file start-v6.cif (mmCIF, C-alpha atoms and all ligand atoms)
data_query
loop_
_atom_site.label_atom_id
_atom_site.label_comp_id
_atom_site.auth_asym_id
_atom_site.auth_seq_id
_atom_site.Cartn_x
_atom_site.Cartn_y
_atom_site.Cartn_z
CA MET A 107 -16.90 115.47 70.53
CA ILE A 108 -17.86 118.44 68.32
CA GLU A 109 -15.59 120.69 70.36
CA ARG A 110 -12.75 118.18 70.29
CA PHE A 111 -13.19 117.73 66.53
CA LEU A 112 -13.18 121.46 65.78
CA THR A 113 -10.22 122.11 68.11
CA ILE A 114 -8.10 119.56 66.26
CA ARG A 115 -9.14 120.96 62.88
CA LYS A 116 -8.21 124.50 63.97
CA ARG A 117 -4.86 123.32 65.30
CA THR A 118 -3.92 121.97 61.86
CA GLU A 119 -4.70 125.34 60.30
CA GLY A 120 -2.78 127.10 63.08
CA ILE A 121 0.36 125.11 62.28
CA CYS A 122 0.21 126.49 58.72
CA VAL A 123 -0.16 130.15 59.71
CA PRO A 124 3.55 131.05 59.26
CA LEU A 125 3.48 129.71 55.67
CA GLU A 126 3.24 131.92 52.59
CA ILE A 127 0.93 130.94 49.72
CA GLU A 128 3.91 129.71 47.63
CA ASP A 129 4.87 127.24 50.40
CA TYR A 130 1.60 125.30 50.23
CA SER A 131 1.96 123.43 46.94
CA VAL A 132 5.61 122.38 46.60
CA GLN A 133 6.79 118.79 46.95
CA PRO A 134 10.61 118.69 47.14
CA ASN A 135 10.63 114.87 46.89
CA SER A 136 8.22 111.95 47.03
CA ASP A 137 8.61 111.55 50.83
CA VAL A 138 7.47 115.11 51.50
CA SER A 139 3.87 116.15 50.83
CA PRO A 140 2.73 119.70 50.09
CA PRO A 141 1.02 121.37 53.08
CA LYS A 142 -2.05 121.91 50.91
CA TRP A 143 -2.26 118.17 50.36
CA HIS A 144 -2.20 117.48 54.13
CA LEU A 145 -5.00 120.02 54.66
CA ALA A 146 -7.12 118.35 52.00
CA HIS A 147 -6.26 114.72 52.76
CA THR A 148 -7.16 114.97 56.47
CA THR A 149 -10.50 116.43 55.36
CA TRP A 150 -10.97 113.65 52.81
CA PHE A 151 -10.50 111.12 55.64
CA PHE A 152 -13.56 112.46 57.50
CA GLU A 153 -15.55 112.78 54.29
CA GLN A 154 -14.71 109.24 53.18
CA PHE A 155 -14.91 107.31 56.44
CA VAL A 156 -17.56 109.27 58.35
CA LEU A 157 -19.79 111.43 56.16
CA LYS A 158 -20.02 109.17 53.11
CA ALA A 159 -20.31 106.13 55.35
CA PHE A 160 -22.94 107.36 57.84
CA VAL A 161 -24.87 110.30 56.37
CA SER A 162 -27.40 109.01 53.85
CA GLU A 163 -28.08 112.30 52.03
CA TYR A 164 -24.47 113.47 52.11
CA SER A 165 -23.37 115.29 49.01
CA GLU A 166 -19.62 115.37 48.30
CA PHE A 167 -17.91 118.76 48.13
CA ASP A 168 -16.28 117.77 44.83
CA VAL A 169 -16.41 114.29 43.30
CA ASP A 170 -12.79 114.56 42.05
CA TYR A 171 -11.41 115.00 45.55
CA SER A 172 -11.74 111.35 46.51
CA TYR A 173 -9.22 110.57 43.75
CA LEU A 174 -7.01 113.61 44.38
CA PHE A 175 -6.71 113.29 48.16
CA ASN A 176 -6.87 109.57 48.88
CA SER A 177 -3.39 108.60 50.10
CA TYR A 178 -3.10 104.82 49.89
CA TYR A 179 -6.51 103.24 50.59
CA SER A 180 -6.91 100.90 47.61
CA ASN A 181 -10.25 99.64 48.92
CA VAL A 182 -11.90 102.99 48.28
CA GLY A 183 -10.55 103.55 44.79
CA GLU A 184 -7.66 104.93 42.78
CA HIS A 185 -5.46 107.78 43.95
CA VAL A 186 -2.96 110.28 42.57
CA LEU A 187 0.58 108.89 42.67
CA ARG A 188 2.36 109.94 45.83
CA ALA A 189 5.19 111.57 43.89
CA ASP A 190 2.70 113.66 41.88
CA ARG A 191 1.12 115.47 44.83
CA GLY A 192 3.24 118.55 44.15
CA LEU A 193 2.01 118.80 40.56
CA MET A 194 -1.47 119.77 41.72
CA THR A 195 -1.55 123.56 41.68
CA ARG A 196 -5.31 122.98 41.37
CA PRO A 197 -7.46 122.82 43.39
CA THR A 198 -6.12 126.03 44.86
CA ILE A 199 -5.46 126.62 48.54
CA ALA A 200 -8.66 128.71 48.61
CA ASP A 201 -10.60 125.70 47.26
CA VAL A 202 -9.06 123.50 49.94
CA VAL A 203 -9.96 125.97 52.69
CA ASN A 204 -13.56 125.91 51.41
CA TYR A 205 -13.43 122.12 51.39
CA ARG A 206 -12.29 122.10 55.03
CA ASN A 207 -15.05 124.51 56.04
CA TYR A 208 -17.70 122.50 54.22
CA VAL A 209 -16.66 119.21 55.81
CA ASP A 210 -16.36 120.84 59.26
CA GLU A 211 -19.94 122.12 58.99
CA GLN A 212 -21.20 118.73 57.84
CA MET A 213 -19.30 116.97 60.62
CA ALA A 214 -20.67 119.34 63.27
CA LEU A 215 -24.18 118.66 61.96
CA PHE A 216 -23.57 114.91 62.03
CA LEU A 217 -22.10 114.99 65.54
CA SER A 218 -25.03 117.00 66.89
CA GLY A 219 -27.38 114.13 66.02
CA ASN A 220 -27.67 110.62 67.38
CA VAL A 221 -24.26 109.06 66.81
CA ALA A 222 -23.68 105.36 67.39
CA LYS A 223 -20.63 104.13 69.33
CA GLY A 224 -19.06 102.54 66.24
CA GLN A 225 -19.50 105.82 64.34
CA LEU A 226 -17.87 107.81 67.14
CA GLU A 227 -14.93 105.42 66.98
CA LYS A 228 -14.42 106.39 63.32
CA VAL A 229 -14.49 110.08 64.27
CA GLU A 230 -11.92 109.38 66.98
CA LEU A 231 -9.74 107.59 64.41
CA GLY A 232 -10.11 110.59 62.07
CA ILE A 233 -8.99 112.92 64.86
CA ASN A 234 -5.96 110.76 65.63
CA HIS A 235 -5.23 110.54 61.92
CA GLU A 236 -5.31 114.33 61.64
CA GLU A 237 -2.98 114.60 64.65
CA GLN A 238 -0.54 112.30 62.87
CA HIS A 239 -0.69 114.56 59.83
CA GLN A 240 -0.08 117.63 62.01
CA GLU A 241 3.24 116.05 62.90
CA LEU A 242 3.96 115.18 59.26
CA LEU A 243 3.13 118.77 58.36
CA ALA A 244 5.86 119.95 60.74
CA TYR A 245 8.39 117.57 59.11
CA ASP A 246 7.36 118.67 55.63
CA MET A 247 7.35 122.39 56.40
CA LYS A 248 10.83 122.04 57.88
CA TYR A 249 11.99 120.17 54.78
CA ILE A 250 10.45 122.72 52.40
CA LEU A 251 11.91 125.73 54.22
CA GLY A 252 15.14 124.04 55.31
CA HIS A 253 16.15 123.11 51.76
CA GLN A 254 16.03 126.64 50.43
CA PRO A 255 19.19 128.71 49.93
CA THR A 256 18.03 131.40 52.36
CA PHE A 257 16.72 129.11 55.16
CA PRO A 258 13.55 131.13 55.79
CA LYS A 259 12.29 131.24 59.35
CA TYR A 260 9.15 129.24 60.17
CA GLY A 261 8.79 130.62 63.69
CA ASP A 262 9.75 129.83 67.25
CA GLY A 263 7.67 126.67 67.54
CA PHE A 264 9.02 123.10 67.50
CA GLN A 265 12.15 123.83 69.57
CA LEU A 266 13.98 121.25 71.68
CA LYS A 267 15.01 121.71 75.30
CA LYS A 268 18.09 120.57 77.20
CA GLU A 269 17.70 117.17 78.84
CA ARG A 270 17.63 117.41 82.63
CA GLU A 271 18.36 113.87 83.80
CA PHE A 272 21.44 111.79 83.19
CA GLY A 273 22.73 108.36 84.10
CA PHE A 274 21.10 104.99 83.50
CA VAL A 275 18.01 103.09 84.62
CA SER A 276 18.70 99.44 85.52
CA VAL A 277 16.20 96.75 84.72
CA ASP A 278 16.34 93.20 86.08
CA GLU A 279 15.97 90.21 83.85
CA GLY A 280 12.47 88.84 83.82
CA VAL A 281 9.12 88.55 82.11
CA TYR A 282 7.33 91.81 81.33
CA GLU A 283 4.07 92.77 79.67
CA ILE A 284 4.01 95.18 76.70
CA GLY A 285 1.32 96.41 74.32
CA TYR A 286 -1.98 98.20 74.88
CA ASN A 287 -4.57 96.76 77.22
CA GLY A 288 -7.21 99.30 78.23
CA PRO A 289 -10.41 101.11 77.28
CA ASN A 290 -9.09 104.22 75.49
CA PHE A 291 -8.25 104.99 71.91
CA HIS A 292 -5.18 103.21 70.53
CA PHE A 293 -4.06 101.96 67.14
CA ASP A 294 -4.51 98.34 66.09
CA ASN A 295 -0.73 97.85 65.95
CA GLU A 296 -0.50 98.27 69.77
CA GLU A 297 -2.48 95.06 70.31
CA ASN A 298 -2.38 92.39 71.61
CA SER A 299 -0.60 93.04 74.87
CA HIS A 300 1.70 90.13 75.53
CA LYS A 301 4.60 88.93 77.65
CA VAL A 302 8.23 89.26 76.72
CA TYR A 303 11.36 87.95 78.37
CA LEU A 304 14.17 90.49 78.79
CA ASN A 305 17.74 90.03 79.88
CA ALA A 306 19.00 92.57 82.41
CA TYR A 307 19.92 95.91 80.82
CA GLU A 308 20.57 99.55 81.57
CA MET A 309 18.99 102.37 79.58
CA SER A 310 20.23 105.93 79.38
CA LYS A 311 17.95 108.53 80.99
CA SER A 312 18.92 111.09 78.36
CA LEU A 313 18.99 111.36 74.61
CA VAL A 314 22.29 111.62 72.75
CA THR A 315 23.17 115.32 72.28
CA ASN A 316 24.56 117.40 69.44
CA GLY A 317 27.74 117.73 71.49
CA ASN A 318 28.04 113.93 71.55
CA TRP A 319 27.43 113.89 67.82
CA LEU A 320 30.10 116.49 67.12
CA ALA A 321 32.54 114.22 68.97
CA PHE A 322 31.42 111.29 66.80
CA ILE A 323 32.02 113.35 63.64
CA ALA A 324 35.40 114.60 64.91
CA ALA A 325 36.46 111.01 65.71
CA GLY A 326 35.80 110.03 62.08
CA GLY A 327 32.57 108.17 62.75
CA TYR A 328 31.29 108.75 59.23
CA GLU A 329 34.57 107.41 57.77
CA ASP A 330 34.90 104.18 59.77
CA VAL A 331 33.42 101.26 57.82
CA ASN A 332 33.52 99.05 60.92
CA LEU A 333 30.79 101.02 62.68
CA TRP A 334 28.20 100.70 59.91
CA HIS A 335 25.71 98.21 58.57
CA SER A 336 26.51 97.31 54.97
CA GLU A 337 23.40 99.19 53.78
CA GLY A 338 24.33 102.13 55.98
CA TRP A 339 27.86 102.26 54.61
CA SER A 340 26.52 102.27 51.02
CA TRP A 341 24.21 105.13 52.02
CA VAL A 342 27.03 107.16 53.62
CA GLN A 343 29.34 106.63 50.67
CA GLY A 344 26.75 107.00 47.93
CA LEU A 345 25.43 110.32 49.20
CA GLU A 346 28.70 111.49 50.82
CA ILE A 347 26.97 111.89 54.18
CA LYS A 348 29.04 113.66 56.83
CA ALA A 349 26.45 114.85 59.38
CA PRO A 350 22.73 114.73 60.32
CA MET A 351 20.13 116.19 57.94
CA TYR A 352 20.02 120.02 58.00
CA TRP A 353 23.66 120.28 59.19
CA TYR A 354 26.16 122.23 57.09
CA LEU A 355 29.81 123.01 57.68
CA ASP A 356 30.07 126.78 57.36
CA ARG A 357 33.65 128.14 57.42
CA GLY A 358 34.76 125.46 59.86
CA GLU A 359 31.68 125.58 62.09
CA TRP A 360 28.73 123.19 62.11
CA LYS A 361 25.43 124.98 61.67
CA TYR A 362 21.91 123.73 61.13
CA TYR A 363 18.45 124.81 60.10
CA ASP A 364 16.20 124.61 63.16
CA MET A 365 13.06 126.39 61.87
CA THR A 366 14.11 129.67 63.50
CA GLY A 367 16.84 130.13 60.87
CA PHE A 368 20.39 128.95 60.17
CA ASN A 369 22.18 128.72 63.51
CA LEU A 370 25.24 127.32 65.24
CA VAL A 371 24.64 123.73 66.36
CA ASP A 372 23.67 123.83 70.06
CA LYS A 373 25.80 121.21 71.82
CA ASP A 374 23.43 120.86 74.76
CA LEU A 375 20.33 119.90 72.78
CA PRO A 376 19.44 116.35 71.72
CA VAL A 377 20.65 115.41 68.25
CA MET A 378 17.87 114.99 65.70
CA HIS A 379 17.43 113.98 62.04
CA ILE A 380 19.65 110.92 62.14
CA ASN A 381 18.53 107.69 60.52
CA LEU A 382 18.77 104.15 61.88
CA TYR A 383 22.14 103.57 60.18
CA GLU A 384 23.61 106.63 61.89
CA ALA A 385 22.03 105.74 65.24
CA HIS A 386 23.50 102.24 64.99
CA ALA A 387 26.97 103.51 64.00
CA TYR A 388 26.99 105.93 66.94
CA ALA A 389 25.95 103.17 69.37
CA GLU A 390 28.74 100.93 68.01
CA TRP A 391 31.24 103.74 68.47
CA LYS A 392 30.13 104.12 72.12
CA GLY A 393 30.30 100.35 72.69
CA MET A 394 26.56 100.26 73.40
CA ARG A 395 23.44 99.50 71.35
CA LEU A 396 19.94 100.69 70.52
CA PRO A 397 17.06 99.43 72.70
CA THR A 398 14.46 96.99 71.50
CA GLU A 399 10.93 98.35 71.60
CA ALA A 400 10.11 96.08 74.56
CA GLU A 401 13.13 97.39 76.49
CA TRP A 402 12.01 100.94 75.74
CA GLU A 403 8.41 100.39 76.83
CA VAL A 404 9.38 98.69 80.11
CA VAL A 405 11.39 101.76 81.28
CA ALA A 406 9.10 104.38 79.70
CA ASP A 407 7.70 105.48 83.07
CA GLN A 408 11.20 106.05 84.45
CA ILE A 409 12.61 108.21 81.66
CA GLN A 410 11.65 111.58 80.21
CA TRP A 411 10.46 111.27 76.68
CA GLY A 412 8.46 113.24 74.20
CA GLN A 413 11.16 115.48 72.72
CA LEU A 414 12.07 113.18 69.84
CA TRP A 415 10.96 109.83 68.49
CA GLU A 416 13.59 107.30 69.47
CA TRP A 417 14.92 104.67 67.10
CA THR A 418 14.65 101.12 68.37
CA ASN A 419 16.34 98.14 66.81
CA SER A 420 13.02 96.28 66.59
CA ALA A 421 11.47 95.41 63.27
CA TYR A 422 7.94 96.77 62.87
CA LEU A 423 6.03 93.50 63.06
CA PRO A 424 2.54 92.47 64.15
CA TYR A 425 2.20 91.62 67.83
CA PRO A 426 0.85 88.15 68.68
CA GLY A 427 -2.86 88.10 67.87
CA PHE A 428 -2.74 91.25 65.71
CA LYS A 429 -5.71 91.55 63.38
CA SER A 430 -6.35 94.26 60.79
CA GLU A 431 -9.89 95.58 60.62
CA ALA A 432 -11.86 94.34 57.58
CA GLY A 433 -12.17 96.81 54.69
CA ALA A 434 -10.32 100.01 53.84
CA LEU A 435 -9.38 101.00 57.42
CA GLY A 436 -7.55 97.67 57.73
CA GLU A 437 -5.03 99.33 55.40
CA TYR A 438 -4.17 101.89 58.10
CA ASN A 439 -1.22 100.05 59.70
CA GLY A 440 -1.02 96.35 58.86
CA LYS A 441 0.16 96.64 55.28
CA PHE A 442 3.23 98.61 56.34
CA MET A 443 4.59 95.87 58.58
CA VAL A 444 7.56 95.05 56.37
CA ASN A 445 11.12 96.43 56.16
CA GLN A 446 10.63 99.13 58.77
CA LYS A 447 11.86 99.76 62.33
CA THR A 448 9.77 101.03 65.21
CA LEU A 449 10.38 104.34 66.94
CA ARG A 450 9.04 105.06 70.41
CA GLY A 451 8.10 108.08 72.46
CA GLY A 452 6.86 111.22 70.75
CA SER A 453 8.27 114.54 69.65
CA ILE A 454 7.96 118.30 69.97
CA ALA A 455 5.69 118.07 66.92
CA THR A 456 3.37 115.43 68.42
CA ALA A 457 -0.07 116.69 69.42
CA ILE A 458 -0.53 116.78 73.19
CA GLY A 459 -2.06 113.54 74.43
CA HIS A 460 -1.59 111.82 71.07
CA SER A 461 1.21 109.45 72.02
CA ARG A 462 1.53 106.95 74.88
CA LYS A 463 4.11 104.44 76.00
CA THR A 464 2.64 101.63 73.87
CA TYR A 465 2.56 103.81 70.72
CA ARG A 466 4.47 102.36 67.77
CA ASN A 467 5.77 104.77 65.17
CA PHE A 468 7.68 103.31 62.21
CA PHE A 469 10.02 104.36 59.44
CA HIS A 470 12.42 102.81 56.97
CA ALA A 471 16.02 102.66 58.22
CA ASP A 472 17.22 105.37 55.83
CA PHE A 473 14.57 107.97 56.84
CA ARG A 474 15.69 111.00 58.81
CA LEU A 475 13.35 113.84 57.95
CA GLN A 476 11.20 112.90 60.98
CA PHE A 477 11.85 114.46 64.38
CA CYS A 478 13.86 111.56 65.78
CA GLY A 479 16.90 110.95 67.94
CA LEU A 480 18.41 108.12 69.94
CA ARG A 481 18.89 106.74 73.43
CA LEU A 482 21.46 104.06 74.22
CA VAL A 483 21.34 100.79 76.10
CA LYS A 484 24.06 98.67 77.63
FE FE B 1 -3.22 109.87 56.08
#

call {"tool": "encode", "arguments": {"input": "start-v6.cif", "output": "structure tokens"}}
result
Amino acid sequence: MIERFLTIRKRTEGICVPLEIEDYSVQPNSDVSPPKWHLAHTTWFFEQFVLKAFVSEYSEFDVDYSYLFNSYYSNVGEHVLRADRGLMTRPTIADVVNYRNYVDEQMALFLSGNVAKGQLEKVELGINHEEQHQELLAYDMKYILGHQPTFPKYGDGFQLKKEREFGFVSVDEGVYEIGYNGPNFHFDNEENSHKVYLNAYEMSKSLVTNGNWLAFIAAGGYEDVNLWHSEGWSWVQGLEIKAPMYWYLDRGEWKYYDMTGFNLVDKDLPVMHINLYEAHAYAEWKGMRLPTEAEWEVVADQIQWGQLWEWTNSAYLPYPGFKSEAGALGEYNGKFMVNQKTLRGGSIATAIGHSRKTYRNFFHADFRLQFCGLRLVK
């Protein structure tokens, strides 16, 4: 467990290597957190829920940090407003690196002793939490660099590949089981496993591509009110949306920021950075629809996934029998089960082994900074 813990911690730092010092503290909007904040908050999680909880003589690195780097856990005290994370030029990145090193040493010491099963479970949760933030770091670094006039290069990481399989998978009507039922780590929102009835359907083996999306744009998809939800149409009109996030029309050609720089849109790659409204409008235009999360999970073993999170048309709701843990960690998932849609799969920014077919990601319908795409059903 010590090795696993330290490997995950190092991976987070590795993701930040291409950044310059100036990149660490900015917060372009309230949905994007500064990289420095992610580095500190993931450390706070271990300090708060492992070291302070289980090590009797533990002395905090800095008593202010529990206020500065708590995200949303009201049961453990107040926290800095989400939108104010970018105002904190102090503590410095050097302070945060020291904080990480201090907590890593304390954690290694703790893990080398006699650790109870329930305590190990909290460490495992902290590791999975940090993996989630590694993915958020990728989104936020892309946003920070991809909204600058010069589109600075992050590096060659986080690149999509061409899909290799096409056509549809057919599923018969019937009763199927979804949700997590096994001995390994999973989030509370994946339980309880339960039965669902599905009508017969066919699901595409491939994600929608940029080439498909260019055709949608050329056909006037963003101008046809009949394809859109009312909320989606207000969003398109209010913000004059004409393409996915990071796309710009440059002298008649669509280009995008893809973390390697500002490049021509590659027609063969899956389209990314579209929100639920756009995914729905595209599906309407094709005369198809988005899958439900049950439909997605039932075919998960027969499709390639893991390039992009895939929008489903399912509301993010508790499964039958869902129970939040008592106390602060009960705030992890349950309190977000309102006004969001689930996304399934995983992405090029997801830590290896982090996702699984029962994994439920979730975002509001208007979000598109995450690495997401879509797959159609008929
Ligand atoms: Fe967090």

call {"tool": "atom_distance", "arguments": {"input": "start-v6.cif", "atom1": "atom CA of Tyr388 of chain A", "atom2": "atom CA of Trp334 of chain A"}}
result
8.8 Å

call {"tool": "residues_around", "arguments": {"input": "start-v6.cif", "residues": "segment 281-285 of chain A", "least_positions_apart": "2", "cutoff": "12 Å", "atoms": "only C-alpha atoms", "output": "number ranges by chain"}}
result
A: 277-279, 287-288, 292-306, 398-406, 424-428, 462-466

call {"tool": "closest_residue", "arguments": {"input": "start-v6.cif", "among": "A:Ile121, A:Met107, A:Ile454, A:Leu145", "to": "ligand FE 1 (chain B)", "atoms": "only C-alpha atoms and all ligand atoms"}}
result
A:Leu145

call {"tool": "residues_around", "arguments": {"input": "start-v6.cif", "residues": "segment 232-240 of chain A", "least_positions_apart": "5", "cutoff": "6 Å", "atoms": "only C-alpha atoms", "output": "PDB file with C-alpha atoms, keeping the file's coordinate frame"}}
result
ATOM      1  CA  THR A 118      -3.920 121.970  61.860  1.00  0.00           C
ATOM      2  CA  THR A 148      -7.160 114.970  56.470  1.00  0.00           C
ATOM      3  CA  ALA A 457      -0.070 116.690  69.420  1.00  0.00           C
TER       4      ALA A 457
END

call {"tool": "residues_around", "arguments": {"input": "start-v6.cif", "residues": "segment 157-161 of chain A", "least_positions_apart": "3", "cutoff": "9 Å", "atoms": "only C-alpha atoms", "output": "compact mmCIF listing (two decimals) with C-alpha atoms, keeping the file's coordinate frame"}}
result
# COMPACT_ATOMS: atom_id res chain seq x y z
CA PHE A 152 -13.56 112.46 57.50
CA GLU A 153 -15.55 112.78 54.29
CA GLN A 154 -14.71 109.24 53.18
CA TYR A 164 -24.47 113.47 52.11
CA SER A 165 -23.37 115.29 49.01
CA GLU A 166 -19.62 115.37 48.30
CA VAL A 209 -16.66 119.21 55.81
CA GLN A 212 -21.20 118.73 57.84
CA MET A 213 -19.30 116.97 60.62
CA PHE A 216 -23.57 114.91 62.03
CA GLN A 225 -19.50 105.82 64.34

call {"tool": "closest_residue", "arguments": {"input": "start-v6.cif", "among": "A:Arg395, A:Lys248, A:Lys116, A:Lys259", "to": "Ser310 of chain A", "atoms": "all atoms listed in the file"}}
result
A:Arg395

call {"tool": "residues_around", "arguments": {"input": "start-v6.cif", "residues": "Leu226 of chain A", "least_positions_apart": "4", "cutoff": "10 Å", "atoms": "all atoms listed in the file", "output": "number ranges by chain"}}
result
A: 107, 156, 217, 221-222, 230-232

call {"tool": "closest_residue", "arguments": {"input": "start-v6.cif", "among": "A:Glu416, A:Asp364, A:Glu431, A:Asp407", "to": "Gln265 of chain A", "atoms": "all atoms listed in the file"}}
result
A:Asp364
